[in-house]
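Just below is one structure, and these are the notes that go with it.
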Amino acid sequence: MKIVHRFAYNFGKNNISLCNKLVNDLCNYGIECDIELSPLVVFDMEEGCCYWDEVIQRVKDIGFCVNFIKTTFSKKEMSSKDFFALDSSWHHGYPMPDDDFGYKNITYDPESCCKTCYIGKIQQAPFRMRIEPQWGTRHAMQLNWVFDELFIRREVWQTHFRPLGIDCIPVIHHKKRMELESVVQLKIDEISPVPLKLDGFNLEICPDCGRQRYECENLSRGFFPEFNRNMDCDIVKTKEWFGSGHSSSRRIIVSKKIYQIIQENKLKGFRFTPMGSREGIKDIKI
């Protein structure tokens with residue numbers, strides 16, 4: 001398992017000297033950085049590498065960076081796990097109507113959730129998209145703002161998910177109000193009866209509805225939190241909610257069976273994070 005941070009700075013035209021100094025410092029540590037991007041500096045660094053402390057101190061001294069985190073897993077780590085958190089590596093487009101998040105009152109039952117945190121939302125109508133997805137070689141996608149639903153090519157659902165008893169929901173063309181041909185939403189109604197091991201995750205209580213959710217920040221570091229006891233399922237959503245601000249979502253969990261089907265058929269656009277122990281994975285604030 002490797003946890004990699006991608007740091008991005010945009011120094012602007014008034015900070016070229018500071019930009020050049022950072023690039024020189026990074027080169028001294030052997031970190032590759034494309035100087036042609038100046039005054040934009042982007043570099044990757046594996047967490048815990050030999051020069052981690054020194055570079056992080058430079059990052060903190062400068063102060064205005066964006067930090068993207070991803071974890072890569074070995075084949076052995078992937079093959080040894082029974083369950084995976086599932087999302088997509090392709091986030092494309094927005095749910096319609098997107099003005100003032102108008103989709104929320106159309107797609108979801110407005111009486112089902114808190115208007116402050118959106119915990120408890122229940123889908124009442126199909127999602128709407130502006131146009132058919134331009135799939136290219138991909139087979140799965142997620143809409144921006146929507147982290148707990150997966151959209152796939154219709155033929156992928158027919159061939160691989162329908163035989164497992166997994167239903168789908170049509171997706172609607174926003175203006176024409178007609179069913180889109182190439183895309184469907186996976187219908188995931190079952191909520192896991194088994195809680196996750198979330199020790200160490202920050203818990204937030206909504207001041208308006210009193211319900212709780214967990215911060216998402218650490219979910220990209222290491223294994224996805226595992227169930228606290230054994231369970232049997234192919235696809236469920238977590239009973240716990242995650243999010244911040246006016247956005248809350250459950251996470252999609254799938255079995256090794258589904259993971260193997262996707263891998264064996266070389267389907268693209270699916271992203272799997274194995275569930276496992278997070279012992280030893282410490283919270284790092286930068």
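Labels used: A, B, ... for chains in the order of the structure tokens, numbers from 1 for residues in each chain, and numbers from 1 for ligands as shown.
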**OP:** May I have the residues within 6 Å of region 254-256 of chain A as a VMD selection string, using only C-alpha atoms and disregarding those fewer than 6 positions away in the same chain?
**Re:** chain A and resid 82 to 84 234 to 235
Restricted to all heavy atoms, what would the selected residues look like written as a JSON list (two decimals), in the first residue's frame?
```
[["chain", "number", "residue", "atom", "x", "y", "z"],
["A", 82, "ASP", "N", -12.46, -9.24, 0.95],
["A", 82, "ASP", "CA", -13.78, -9.75, 0.58],
["A", 82, "ASP", "C", -14.75, -8.65, 0.15],
["A", 82, "ASP", "O", -15.74, -8.93, -0.53],
["A", 82, "ASP", "CB", -14.39, -10.52, 1.75],
["A", 82, "ASP", "CG", -13.63, -11.79, 2.06],
["A", 82, "ASP", "OD1", -13.15, -12.43, 1.10],
["A", 82, "ASP", "OD2", -13.51, -12.15, 3.24],
["A", 83, "PHE", "N", -14.50, -7.41, 0.58],
["A", 83, "PHE", "CA", -15.40, -6.31, 0.26],
["A", 83, "PHE", "C", -14.60, -5.08, -0.16],
["A", 83, "PHE", "O", -13.46, -4.88, 0.26],
["A", 83, "PHE", "CB", -16.29, -5.96, 1.46],
["A", 83, "PHE", "CG", -17.31, -7.02, 1.78],
["A", 83, "PHE", "CD1", -17.09, -7.92, 2.81],
["A", 83, "PHE", "CD2", -18.47, -7.13, 1.04],
["A", 83, "PHE", "CE1", -18.01, -8.90, 3.11],
["A", 83, "PHE", "CE2", -19.41, -8.11, 1.33],
["A", 83, "PHE", "CZ", -19.18, -9.00, 2.36],
["A", 84, "PHE", "N", -15.27, -4.25, -0.99],
["A", 84, "PHE", "CA", -14.63, -3.06, -1.54],
["A", 84, "PHE", "C", -15.62, -1.90, -1.54],
["A", 84, "PHE", "O", -16.81, -2.08, -1.82],
["A", 84, "PHE", "CB", -14.17, -3.30, -2.98],
["A", 84, "PHE", "CG", -13.21, -4.43, -3.13],
["A", 84, "PHE", "CD1", -13.66, -5.75, -3.17],
["A", 84, "PHE", "CD2", -11.85, -4.19, -3.25],
["A", 84, "PHE", "CE1", -12.77, -6.81, -3.32],
["A", 84, "PHE", "CE2", -10.95, -5.24, -3.39],
["A", 84, "PHE", "CZ", -11.41, -6.55, -3.42],
["A", 234, "ASP", "N", -23.87, -8.74, -1.91],
["A", 234, "ASP", "CA", -23.15, -8.41, -3.13],
["A", 234, "ASP", "C", -23.00, -6.90, -3.31],
["A", 234, "ASP", "O", -21.97, -6.43, -3.79],
["A", 234, "ASP", "CB", -23.84, -9.01, -4.36],
["A", 234, "ASP", "CG", -23.44, -10.45, -4.58],
["A", 234, "ASP", "OD1", -22.29, -10.81, -4.22],
["A", 234, "ASP", "OD2", -24.26, -11.23, -5.10],
["A", 235, "ILE", "N", -24.04, -6.15, -2.95],
["A", 235, "ILE", "CA", -23.97, -4.70, -3.09],
["A", 235, "ILE", "C", -24.90, -4.05, -2.08],
["A", 235, "ILE", "O", -26.08, -4.41, -1.99],
["A", 235, "ILE", "CB", -24.28, -4.26, -4.54],
["A", 235, "ILE", "CG1", -24.07, -2.76, -4.71],
["A", 235, "ILE", "CG2", -25.68, -4.67, -4.95],
["A", 235, "ILE", "CD1", -24.04, -2.32, -6.17]]
```
**OP:** Return as an NGL selection string the full set of residues in region 140-230 of chain A whose backbone-based DSSP assignment is strand (DSSP E or B).
**Re:** :A and (140-142 or 151-153 or 168-173 or 179-186 or 191 or 196 or 203-205 or 212-214 or 224-225 or 227)
**OP:** Skip Leu203 (chain A) itself and residues of its chain fewer than 4 positions away, then list as a ChimeraX atom specification all residues within 12 Å of it, counting only C-alpha atoms.
**Re:** /A:198-199,210-217,240-244
File dump, residues just selected, C-alpha atoms, as a compact mmCIF listing (two decimals), in the first residue's frame:
```
# COMPACT_ATOMS: atom_id res chain seq x y z
CA LEU A 198 -14.83 4.19 12.32
CA ASP A 199 -12.66 4.73 15.36
CA GLY A 210 -29.33 16.01 15.44
CA ARG A 211 -28.25 13.21 13.10
CA GLN A 212 -24.59 12.29 12.71
CA ARG A 213 -22.14 11.89 9.86
CA TYR A 214 -18.41 11.37 9.45
CA GLU A 215 -15.83 13.50 7.69
CA CYS A 216 -14.66 12.21 4.29
CA GLU A 217 -11.14 13.59 4.51
CA GLU A 240 -23.30 5.54 8.08
CA TRP A 241 -23.39 8.92 6.37
CA PHE A 242 -20.35 10.91 5.26
CA GLY A 243 -20.01 14.52 4.18
CA SER A 244 -19.79 18.18 5.06
```
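If only C-alpha atoms are the atoms counted, then among A:Ile191, A:Ile119, A:Met1, A:Cys233 the closest residue to Lys257 (chain A) is A:Cys233.
Shortest separation to Ser249 (chain A) among A:Glu47, A:Asp98, A:Asp148, A:Glu77 occurs at residue A:Asp148, atoms counted being only C-alpha atoms.
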**OP:** Give the answer as one residue: which of A:Phe161, A:Phe147, A:Phe127, A:Phe73 has the shortest atom-to-atom distance to Phe272 (chain A), using only C-alpha atoms?
**Re:** A:Phe73
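Candidate residues A:Phe270, A:Tyr94, A:Trp135, A:Tyr108 were compared for distance to Ile252 (chain A), and the nearest is A:Phe270, using only C-alpha atoms.
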